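Everything below concerns the one structure shown next.
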Amino acid sequence: MHKPPDTPQALHGISGLDEQTIFRSLHSAYPDALLVVDATGHVVLANPAASTLLGYSNQELLGLNVDVLVPDAVRSRHAAYRETYGHKPKPRPMGTQMELAAKRKDGSEVMVEIALSPLQDHGLPFVVASIRDIGAYPRVKQALQRARYSEFLANLGRLAVDSRDPQVLLDQVPAMAAEALQAELAMVFLLQPNRMEFRVASGVGLLNGEAVGSLVPNRPDTPPGFVLAEGRPVMVQDYHRESRFTVPQAYLDAGLSHAIAVPLSDRGRIIGALTVRTRREASFGDDELRFMESLSSLLATGLQRAQSEEALNHAQRLESVGQLTGGIAHDFNNLLTVIQGNLQVLEELPALADNPHGLQLLAAAMRASKRGAELTAKLLAFSRRQVLQPTAVDVATMLHSLADMLRRTLDQRIRIEVECVDCPPVLADPGQLESALLNIAINARDAMPEGGTLRFRAHACAALPSEARRELDDPSMAHERLVEIAISDTGAGMPEAVKERAFEPFFTTKAAGRGTGLGLSTVYGFVKQSKGVITIDSAPGAGTTVTLRLPRPWAAEAAIEVELPSGLSVPPGLKVLLVEDDGEVRSVVRAFLDTLRCQTTVCTSAEQALLLLGPEARFDLLLTDVALGAGMRGTELALQAQARFPDLAVLLMSGFSAELLDADRDSPPSWELLPKPYTREQLAQAIARLMA
């Protein structure tokens, strides 16, 4: 048997070769891009991998200044860095998390990591730059892909809240699914009222026989019927080998291979399916499945809302819409918590630190998700299900502060006046009161496109007008001490038909895209929930006056709201028992607590948490969702936990505001309440207040 040569013999064989040939071969075969750069920053040598990565021919690279290979946004910084580095060059290896971007010849950018090897110590006035493409790294690709999915979901969330037409959602969801998953075909099936057939409600890239409006039998051997029979998401790896249901010949003729289908559910009952199909060799995984489920959930919520709105035509609009928003709040706020939380985590990934495009996607997704949260909050405000924290508010101070801000931001042709002499404080949530006044002021601005006068007046209310008495939910409040805040404009005024509907949600006289119709309805809900009354006095050509009448604090000595000291923070090493039944929300909150340097123990149910609250338990804080599936509720868990450990701090969270309202009414004043969705900063502030 032949014996392989030992190391000395092998080295002897190599030494017999032409050394220049060896190094030239190594340079050409090296998988990373190699550039040899002189002291002036010009390329004197480049290997084939550099040409492939950067899109230049080898001849084009020779003599090229490396600054050309740097994105425009950071070119000046790079030139300064290169000059400083030239005075004191030192090796910089790969793996330092310095992930950068290189500009290719065609203007596109590629994420790279760069190692530098100065040759001055070897008597050569050059630096070798080794450039590695990391854009294909699984970790980076996954982060960017998740950011894209989050942006799509945030945009759909905003559309779901803004749009009153369910067909808009039905048309947008397949288009979004196909674009996000890079698939050729996507469609929505809706189950007919007889539950015997599915109707193709919308789609992109539809095949013959599946046009919009066509019917598919609801049987387990049809694609949508199989999804309904399974009651869960279905993934197809290859239609040619699929045996669970009958694959239509049209699918095979079109060359379709992979698919994801998820059910559409309305309050636990399947009403349809969302399907994506593709011809390419797709690797649909957990991220794609979660994305499809989130699309399905938002679409189903939008369809539920459309059905509820139709029912409102035969009922009292202002009272019934609260039921609509209550159904949306919990699931939608949980979704927004997951979206916003993951976006915050993605934002801090080193892989995206120097990726302007990735950061731009993240910023857009975060803005869209925040808009979705704001719109949901407006619906909750109208339905009087928001969590208010009333305190004594100095009306004069608030009005003067608001007027100063409006003078800086509104049209200079609008004159702003404040009349507020010896006005007593009101009992209201200060943030919501300021938001209500701002909403009214913005409406007044829109009514005065050529300028005019915006006037704020506030004073103690001596007697309640008869029209205001009729609007009071509690007639006994007519005898309470009230404060009147009136906001007047000299604008066009409202005809009677518009004035009668001014507080209706989604009603607006503004052009499409200029408003949601939730501004005044939000103010209406806030005032009503604050045990006050709101009235409108307006006529065409006579301007508009919106008057809020709110109760004064119960005790004359009630303190004006005092903000918490800015120095409060979360104590490091805080021992937290986290109880959350939603897996994705749980992951986000755990990540938040980790970055706040808390020691976190996670439970999925109240029963599991109680097992950990034995005599030896040493927890500082119980952070629990109110609704925990079919078992014990978070409020019950908190009561039992504090019975065992009286010093245990309690922070309740929920995406369903009615739950927080109930908890706020029934729980001890020492408990904190945190509505979803919330940011890491809001969580930190709540914990800091509680622990202080």
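Residues are named by chain letter and number: chains run A, B, ... in the order of the structure tokens, numbers start at 1 in each chain, and ligands are numbered from 1 in the order shown.
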Give one line per residue of segment 538-646 of chain A that approaches segment 480-487 of chain A to at most 6 Å, naming the two atoms of the closest pair and their distance in Å to one decimal, counting only C-alpha atoms; sort by chain then ascending residue number and deliver it as CSV.
residue,atom,partner,partner_atom,distance
A:Thr545,CA,A:Ile487,CA,5.5
A:Val546,CA,A:Ile487,CA,5.3
A:Thr547,CA,A:Ala486,CA,4.2
A:Leu548,CA,A:Ile485,CA,5.1
A:Arg549,CA,A:Glu484,CA,4.5
A:Leu550,CA,A:Val483,CA,5.3
A:Pro551,CA,A:Leu482,CA,4.4
A:Arg552,CA,A:Leu482,CA,5.6
Exercise for the section: Between atom CA of Pro71 of chain A and atom CA of Leu34 of chain A, measure the distance and give it in Å to one decimal. Expected result: 18.8 Å
Handout entry: Spatial neighbours of segment 572-576 of chain A, 7 Å, only C-alpha atoms, chain gap at least 2 places, as a PyMOL selection string
Key = chain A and resi 570+578+597-601+619-623
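Using only C-alpha atoms, the shortest contact distance between Leu433 of chain A and any of A:Leu402, A:Ala373, A:Ala79, A:Leu361 is found at A:Leu402.
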Handout entry: Per-residue DSSP, segment 193-232 of chain A, filtered to alpha helix (DSSP H), as JSON, numbers by chain
Key = {"A": [223, 224, 225, 226, 227, 228, 229, 230]}
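Taking atom CA of Pro425 of chain A as the reference point, atom CA of Pro669 of chain A is found at 22.9 Å.
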Problem - A:Thr595, A:Val588, A:Val579, A:Ala175 ranked by distance to Thr635 of chain A, top pick (using only C-alpha atoms) - result: A:Val579
